[in-house]
Amino acid sequence: MEPSVSSNPQVLAKQSNQKIFFTIMPSLNVGIAHQLSYFNVIYKLGTHLGFEYLHSPFCSSRSSKNIYNFLGFNRHFNVSEYIFCSSLAYKVRTLSTFCKYKIIDLRFNAFAISEASLNSFEDLLKHIRTVTICESQRPLLVRFSGKTGNVYKWIHSNLGRLNPPVDLRSSYFYSRTLYPWQSRFQPNSIKILVHIRQGDTALIPTPWNTFIDTKHMREIKSTNLSEDRFTDTEDYLGFLKLLIDYISPQKYSIVVCSDGYKRGFRKIYNKKRTLGLSADQIRQLKRLEDSFETEKFRAFTSDSTCVAVIGESEPNLFDLIHSAMLADLIVFGDQQKMMPRLMENYADQLSPPIIVHLRHTEQAKGHGDVGLSSANFKLTSINLSKNNNDLIKQIGKDLIEKWNQYR
């Protein structure tokens, strides 16, 4: 039988007669977008339960080993004692740092959720209250890890409209005073950031009139190209041309950031047997690759009002992040949720950027669909198969109004 516990989460610490801490340990093998989103929802959950946060320094083997130093994220939690975060720390649960705490590990994966019979937010709260009622001379430390799955949705629907849990934006700009980074935008201009995710999600046309879907590693005939295909460079270019018509003659500056297509081609070469590609077809693709990326981004690189940051590197990642912190408008497509997830933690709450989501899918995307837990952002989801002149005209008006108000 489960112990009797209060339905009020704020009395949890009092019930256990112990000070309860919590820490967050996201997977090392995901990018910063997933890690920051995980931090956002679990921090809200822990503080909602009345726990005190103890920081485990974040690191990402997928994005950049220096990314959190650049963000100033770990520096924000400058406490006298903290839990060291490394690959070893994720595997070994008996580090000397933990000796003063009684550790309670809570993993949010499908098996753990099923085993605990969790079907709602209230079930989740009840489960956590139950497992944290125990006898110990040491303070309790709840260590959250694992993918959230349904738990993520429950927390979003109940706590998602709360503002960012901590002021990470100030820490970011404090880090820029320690380690300056030059803006790629022109000064005194409307700042537009376009993030074009391609990489291992790109749809690459072949010389023999098919397409290779690098995300699902399949070859598609031109006639079978589905309407829900991912956005391509031409889609962003078309949107920008219409938008600029509506904001001219205001001064504007555009930064286009993309990981480019090189990873997509590498993935094809590595999976050539899976795709059934012949040696001659591989040679044709390599000849195509020589000029493919240059041609795809030529319209951006040749525009004097635009700075194109193309390719995967740490400086390019930092350019993307710094541009997002300064942008008045952020445009992205279906391939990624990095920008919305970054912004839900780092946006200026008084003047958040306008968010535009370009899509080929029929169904409009809501805040949660694109990775925004807060409804404070002005989000416009644009179906590229339709006439969007009125929508884009309104975005232009909102953008000019925002710039005139806060410049």
# chains A, B, ... in the order shown; residues from 1 in each chain; ligands from 1
$ closest_atom_pairs --of "segment 109-211 of chain A" --to "segment 338-353 of chain A" --cutoff "9 Å" --atoms "only C-alpha atoms" --output "Markdown table"
| residue | atom | partner | partner_atom | distance |
| --- | --- | --- | --- | --- |
| A:Asn163 | CA | A:Gln349 | CA | 8.2 |
| A:Pro164 | CA | A:Asn345 | CA | 5.5 |
| A:Pro165 | CA | A:Asn345 | CA | 7.9 |
| A:Val166 | CA | A:Asn345 | CA | 8.0 |
| A:Asp167 | CA | A:Tyr346 | CA | 7.7 |
| A:Leu168 | CA | A:Tyr346 | CA | 5.8 |
| A:Arg169 | CA | A:Tyr346 | CA | 4.7 |
| A:Ser170 | CA | A:Tyr346 | CA | 8.5 |
| A:Tyr172 | CA | A:Tyr346 | CA | 8.2 |
| A:His195 | CA | A:Met339 | CA | 7.9 |
$ residues_around --residues "segment 265-281 of chain A" --least-positions-apart "5" --cutoff "9 Å" --atoms "only C-alpha atoms" --output "tab-separated table (two decimals) with N, CA and C atoms, in the first residue's frame"
chain	number	residue	atom	x	y	z
A	199	GLY	N	21.71	19.05	-43.72
A	199	GLY	CA	22.50	17.96	-43.15
A	199	GLY	C	21.97	16.59	-43.45
A	200	ASP	N	21.73	15.80	-42.40
A	200	ASP	CA	21.25	14.42	-42.58
A	200	ASP	C	19.74	14.33	-42.67
A	202	ALA	N	18.36	16.23	-45.42
A	202	ALA	CA	18.17	16.85	-46.73
A	202	ALA	C	17.52	15.89	-47.73
A	204	ILE	N	17.90	15.22	-51.50
A	204	ILE	CA	18.89	15.54	-52.51
A	204	ILE	C	18.48	14.95	-53.87
A	206	THR	N	18.92	13.54	-57.59
A	206	THR	CA	19.98	12.77	-58.23
A	206	THR	C	20.07	13.11	-59.71
A	207	PRO	N	21.20	12.85	-60.35
A	207	PRO	CA	21.33	13.08	-61.81
A	207	PRO	C	20.41	12.18	-62.63
A	208	TRP	N	19.86	11.13	-62.06
A	208	TRP	CA	18.97	10.23	-62.81
A	208	TRP	C	17.50	10.46	-62.46
A	212	ILE	N	16.84	11.47	-53.10
A	212	ILE	CA	17.25	10.62	-51.98
A	212	ILE	C	16.90	11.35	-50.68
A	214	THR	N	17.55	11.68	-47.18
A	214	THR	CA	18.67	11.27	-46.32
A	214	THR	C	18.24	11.04	-44.88
A	217	MET	N	16.67	7.46	-45.47
A	217	MET	CA	17.53	6.67	-46.35
A	217	MET	C	16.71	5.84	-47.34
A	218	ARG	N	16.02	6.58	-48.21
A	218	ARG	CA	15.22	5.93	-49.26
A	218	ARG	C	15.28	6.78	-50.51
A	219	GLU	N	15.11	6.13	-51.66
A	219	GLU	CA	15.09	6.83	-52.92
A	219	GLU	C	13.65	7.00	-53.37
A	286	LYS	N	29.05	12.34	-56.56
A	286	LYS	CA	30.22	13.09	-56.12
A	286	LYS	C	30.51	14.27	-57.04
A	289	GLU	N	27.98	16.83	-56.00
A	289	GLU	CA	28.30	17.43	-54.71
A	289	GLU	C	29.29	18.59	-54.84
$ atom_distance --atom1 "atom CA of Gln394 of chain A" --atom2 "atom CA of Ile192 of chain A"
15.5 Å
$ closest_residue --among "A:Val142, A:Leu71, A:Leu125, A:Leu193" --to "Ile24 of chain A" --atoms "only C-alpha atoms"
A:Val142
$ residues_around --residues "Ser385 of chain A" --least-positions-apart "3" --cutoff "9 Å" --atoms "only C-alpha atoms" --output "VMD selection string"
chain A and resid 227 359 to 362 382 388
$ write_last_selection --atoms "C-alpha atoms" --output "JSON list (two decimals), in the first residue's frame"
[["chain", "number", "residue", "atom", "x", "y", "z"],
["A", 227, "GLU", "CA", 3.57, 17.22, -50.27],
["A", 359, "ARG", "CA", 6.03, 23.98, -43.82],
["A", 360, "HIS", "CA", 4.73, 21.85, -46.66],
["A", 361, "THR", "CA", 2.27, 19.99, -44.43],
["A", 362, "GLU", "CA", -1.42, 20.84, -44.56],
["A", 382, "ILE", "CA", 2.97, 29.13, -43.12],
["A", 388, "ASN", "CA", 0.45, 33.52, -48.13]]
$ closest_residue --among "A:Gly46, A:Ser323, A:Leu379, A:Lys296" --to "Arg129 of chain A" --atoms "only C-alpha atoms"
A:Gly46
$ select_by_dssp --residues "segment 179-340 of chain A" --states "alpha helix (DSSP H)" --output "PyMOL selection string"
chain A and resi 233-247+262-270+272-275+279-296+298-301+314-326+338-340
$ closest_atom_pairs --of "segment 122-163 of chain A" --to "segment 35-38 of chain A" --cutoff "12 Å" --atoms "only C-alpha atoms" --output "tab-separated table"
residue	atom	partner	partner_atom	distance
A:Phe144	CA	A:Tyr38	CA	9.9
A:Ser145	CA	A:Tyr38	CA	9.1
A:Gly146	CA	A:Tyr38	CA	9.4
A:Lys147	CA	A:Tyr38	CA	8.2
A:Thr148	CA	A:Tyr38	CA	7.8
A:Gly149	CA	A:Tyr38	CA	10.6
A:Val151	CA	A:Tyr38	CA	10.7
A:Tyr152	CA	A:Tyr38	CA	8.1
A:Lys153	CA	A:Tyr38	CA	11.4
A:Ile155	CA	A:Tyr38	CA	10.7
A:His156	CA	A:Ser37	CA	10.5
A:Gly160	CA	A:Ser37	CA	11.0
$ write_last_selection --atoms "N, CA and C atoms" --output "CSV table (one decimal), in the first residue's frame"
chain,number,residue,atom,x,y,z
A,144,PHE,N,16.9,13.4,-12.1
A,144,PHE,CA,16.0,13.1,-13.2
A,144,PHE,C,16.9,12.9,-14.5
A,145,SER,N,16.5,11.9,-15.2
A,145,SER,CA,17.2,11.6,-16.4
A,145,SER,C,16.3,10.8,-17.4
A,146,GLY,N,16.7,10.6,-18.6
A,146,GLY,CA,15.9,9.8,-19.5
A,146,GLY,C,15.0,10.7,-20.4
A,147,LYS,N,14.5,10.1,-21.5
A,147,LYS,CA,13.6,10.8,-22.3
A,147,LYS,C,12.2,10.9,-21.6
A,148,THR,N,11.6,12.1,-21.8
A,148,THR,CA,10.4,12.3,-21.0
A,148,THR,C,9.1,11.7,-21.7
A,149,GLY,N,9.1,11.6,-23.0
A,149,GLY,CA,7.9,11.0,-23.7
A,149,GLY,C,6.6,11.7,-23.2
A,151,VAL,N,5.5,12.1,-20.3
A,151,VAL,CA,5.7,13.0,-19.1
A,151,VAL,C,6.0,14.4,-19.6
A,152,TYR,N,6.7,14.6,-20.7
A,152,TYR,CA,7.0,15.9,-21.3
A,152,TYR,C,5.7,16.6,-21.6
A,153,LYS,N,4.7,15.9,-22.2
A,153,LYS,CA,3.5,16.5,-22.6
A,153,LYS,C,2.6,16.9,-21.4
A,155,ILE,N,3.7,17.7,-18.4
A,155,ILE,CA,4.3,18.9,-17.8
A,155,ILE,C,4.0,20.2,-18.6
A,156,HIS,N,4.1,20.0,-19.9
A,156,HIS,CA,3.8,21.2,-20.8
A,156,HIS,C,2.4,21.6,-20.6
A,160,GLY,N,3.4,24.5,-18.7
A,160,GLY,CA,4.1,25.0,-19.9
A,160,GLY,C,4.0,26.5,-20.1
$ closest_residue --among "A:Gln186, A:Lys102, A:Ser64, A:Tyr406" --to "Glu135 of chain A" --atoms "only C-alpha atoms"
A:Lys102
$ select_by_dssp --residues "segment 32-136 of chain A" --states "strand (DSSP E or B)" --output "PyMOL selection string"
chain A and resi 52-53+60+64+102-107
$ closest_residue --among "A:Ile20, A:Lys44, A:Leu399, A:Phe292" --to "Ile247 of chain A" --atoms "only C-alpha atoms"
A:Leu399
